[in-house]
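To start, the structure under review is shown below, and the notes come after it.
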Amino acid sequence: MSAVPVTIRRTVELQIDGDAVRVPEGSTILDACKARGLDIPTLCYGETLTPVNACRVCMVEVEGSRVLVPSCARKAEDGMVVRTRSDRVDHSRKMVLEFLGSSVDLSTTQHVDRWNREYGAAPERYGPPAPPAPEGARDRAQAGRHHAGDGQTAATVAQPVKIDNENYVRDYAKCILCYKCVEGCGTDWQNTFAIAVAGRGFDARIATEFDAPLPDSACVYCGNCIAVCPTGALMFKSEYDLRQAGGWDESAQTVTETICSYCGVGCSLELHVQDNTIVKVTSPLDHGVTHGNLCVKGRFGFQYVQNRAPGADDGA
Amino acid sequence: MFGAGGGTSSYQEVEETDVIFLWGSNARETHPIFFHHVLKAVHAGARLFSVDPRRTTSAQWADAWLGIDVGTDVALSNTMAREILHAGLHNREFIERATTGFDEYAASVEPWTLERGQEETGVPAEIIRDAAHAYARADRAIICWTLGITEHHNAVDNVFALINLALLTGHVGRYGSGLNPLRGQNNVQGGGDMGAIPNKLPGFQDVERDDEARAKFEAAWGVTIEPRYGWHLTQMFEAMERRELRTLYVVGENPAQSEADTAHAVELLEGLDHLVVQDIFMTRTAELADVVLPASASWCEAEGTVTNSERRVQRVRKALEPPGGARDDIEIVCDIAARMGHDLGPPDAESVWNELRSLSPMHAGMTYPRLDELGGIQWPCYDEQHPGELFLHGRLWESPISGPPAPFNVVEHAPPVDKLSDEFPIRLTTGRRLDSYNTGVQSGGYASPLRRRESLNLSPEDCERLGLDEGELVKVSSRRGSVYAPVRIDETLRPGLAFMTFHFPEEVETNVLTIDATDPKSGTAEFKASAIRVDRLSDAERTGQAASQIAVPAK
């Protein structure tokens, strides 16, 4: 019987904050930090995505390196000396958190309040936010035509939320341009390429081709972009509507793992249920079948079990 | 195949193979997350071949599209086999050690020159040659198929034709080489595993030939099991036709809309003495029933297991309370048994599963805690130390092999039953679209921006020849009946080929057109090949039909 090929992995030893750490060759500095139980903030990092080094919040200091390095992408090397909490590192993280916090709505981004406290970041010191851009204005912005702010208010990406279909909404006032949705839609997983980054500098934004509404774009509604979005810029409409109505309550939700009811691939689903109603569907990132990805039927096709006729619950 | 009905490879192997054939499968739309694994392979340099009459969204990712004429799969396979043999690319050592029937097979494919193959299949000879060489020369190669292979009158022969190619080249039983039917429903595989097929007890133990297994089940269940194969669905309908089958208990199936030649199927169901339907919906079939047993949705309102296309048994769990009156299938079955005077034991999923484990050796090691811990287990799994098997039939690579050798099966090309003629000159094939599913009972429940109503997809050439515009309502007729559908111009189709789904039976009953010619070996109907004609409507017909079309909401 021919055997399953075995990958033999060597290990490397590095020093993190003074402690020796041994990790498998190919691990990143972030992997090594996690193995040590260290809490490194990350935003654009995704365990199922190719690192794009966009957000710069996970930077660490490596001895011998002129600049800070992104721990999520940089491979651990034998003999490397890493500092995760030097003044330089803390100052850099504070700056990133302030720039993001002053220009983007991070109200649904996990951990941000804690990180702000930890790194002494005060986004509000950049002034009150400038008024939001009118609908579509940021989509029409042209490279090289950006006007500097007035110095009194904080420039922001605030703009009206885009709701053009029943499945998910795009609230780009919350977008930090981490690229995760682009990666998930692109070569990392879905390979549909419905979205990319358009524009330059502060006018850069995630866009469909020619800013077409989603139903006119290449989007196939797999929702794999929502699954990786760290800020809630992309959100299930079911979650968005509940939040708008003040009814979203994670403490009242259960998450149950089951298997999709459609084709025979066997995708693992996590059903988020509130008041006996499925409010969103995710898939575990570490599941070998899906790696956290689903198709439109798995992600949104559950509705048939809860299109209940009025009175049906009374046994009618 | 070779005694166990399941795909031989794992999804992980698909990512690491060198050549992939998607044969009669549009996995990009019908198995989207499986296709992610295919794309990993493509990005890593694997060559992808798509064998499909339509240039599907899967074919658009392929290195080569083998756009065969509908129903010429055996011709293509035999032509590839002859080319492999004549180029000396067959795996002599493997054939010698692990197979039987090679000489007869080799002789049977000898007439299939590339020229004849091209003539019969419509695929250019050089592309057949390239595909044959790529498959035979690869270190690792996987063939995947779906209903494009099995929904034909010669379904089993089509599958044999693919198995023959794997045996000829040794592309089975090794990591990264295998044969994989992609299952169309979330528990088609599990249904087979659990004995919901007419010839097997759970765990693929033969009900007729395996006396020992039968005795084991008889002892456990306290009943006598007749050593006799049952009927599959098509045979049941034949028995209804003969008025031999008078009572039917349908669980989670909608044959009144999913069977080929719908009108006839409904007539037979209506003629039964007694029809019981257990379903989560009041389906068309349920409307015909004497008794309807409302069931809970097995994947989110009940506990249990399902098995996927890589033989992975995974747990489904209860996340929702079912609507009032709807009950777990297990409870319903246990209650019915109790009324009949049998105690089937406690009506809970884990007890049922543990009984199964005690009777089906290939599931013996799959305890619920292990299924949780390992994220599912791929059968066979004989004991609680066994991790399950990534791939099957490694025994064929032992020297000498353990167990019986794998047989070549001589298969002859047999074109579709529903012949094209001057009266019915267009070949209609059917399939699924990404966001919809079967008769739409489930997928009709959610809002999809991708969803378009049913249409008759035709090639731009045919539309021009017939003078048809996009969206124009036409009459589509086969030898069995007619439906009205709007035309959609579809550039993925070649002249003479039409495509429809059966997702919107309330709007267009596509299965009025399809033929119930079935494969005598598997009972599968030839949904993939009907002969049709397309007629323009008179103004009066158009007005009348358009009104009734619009009156039916898109589901």
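FYI, nothing fancy with the structure tokens labels: chains A, B, ... in order, residues from 1 per chain, ligands from 1 as they appear.
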Practice prompt. Write out as a ChimeraX atom specification every residue belonging to chain A that has an atom at most 7 Å from any atom of chain B, counting only C-alpha atoms.
Written response: /A:1-2,4,165-166,189-190,215,256-266,271,276,290,294-297,300-301,303-304,312-315
Practice prompt. From the DSSP assignment of the backbone, select every residue of range 91-255 of chain A that is alpha helix (DSSP H), and format the answer as an MDAnalysis selection string.
Written response: chainID A and resid 91:103 112:119 137:140 180:185 224:228 237:244
Worksheet item: Suppose you want the space between CA of Asp113 in chain A and CA of Cys58 in chain A; what is it in Å?
Response: 16.1 Å
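A straight line drawn from CA of Gly101 in chain B to CA of Pro407 in chain B is 5.9 Å long.
Here CA of Ser177 in chain B stands at a distance of 11.8 Å from CA of Leu165 in chain B.
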Near range 105-109 of chain A, counting only C-alpha atoms, which residues have an atom at most 6 Å away, once you skip same-chain residues fewer than 2 positions from it, shown as a PDB file with C-alpha atoms, in the first residue's frame?
ATOM      1  CA  ALA A 173     -17.558  53.936   6.727  1.00  0.00           C
ATOM      2  CA  LYS A 174     -16.204  50.976   8.724  1.00  0.00           C
ATOM      3  CA  THR A 231     -14.631  45.520  11.288  1.00  0.00           C
ATOM      4  CA  GLY A 232     -18.245  44.747  10.426  1.00  0.00           C
TER       5      GLY A 232
END
Practice prompt. Within 10 Å of Arg140 in chain A, counting only C-alpha atoms, which residues show up once you throw out same-chain ones fewer than 5 positions away? Write them as JSON, numbers by chain, please.
Written response: {"A": [135, 199, 203, 210, 211]}
Item to complete: Give the strand (DSSP E) residues of range 1-152 of chain A, as DSSP finds them on the backbone, and put them as a list in words.
Response: Thr11, Val12, Glu13, Leu14, Gln15, Ile16, Asp19, Ala20, Val21, Arg22, Val23, Pro24, Met59, Val60, Glu61, Val62, Val69, Pro70, Val81, Val82 and Arg83 of chain A
Worksheet item: Near Arg10 in chain A, within 10 Å and counting only C-alpha atoms, which residues show up once chain neighbours fewer than 6 positions away are dropped, as a ChimeraX atom specification?
Response: /A:23-26
Item to complete: Find the residues around Leu14 in chain A up to 10 Å (only C-alpha atoms counted), leave out those fewer than 4 positions away in its own chain, and share them as an MDAnalysis selection string.
Response: chainID A and resid 18:23 29 32 76:82
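Those residues that approach range 78-93 of chain B to within 7 Å, counting only C-alpha atoms, are B:Val74, B:Arg97, B:Val109, B:Glu110, B:Trp112, B:Thr113, B:Leu114, B:Gly117, B:Ile128, B:Arg129, B:Ala132, B:His133, B:Ala136, B:Arg137, B:Leu165, B:Leu168, B:Thr169, B:Gly170; same-chain residues fewer than 4 positions away are not listed.
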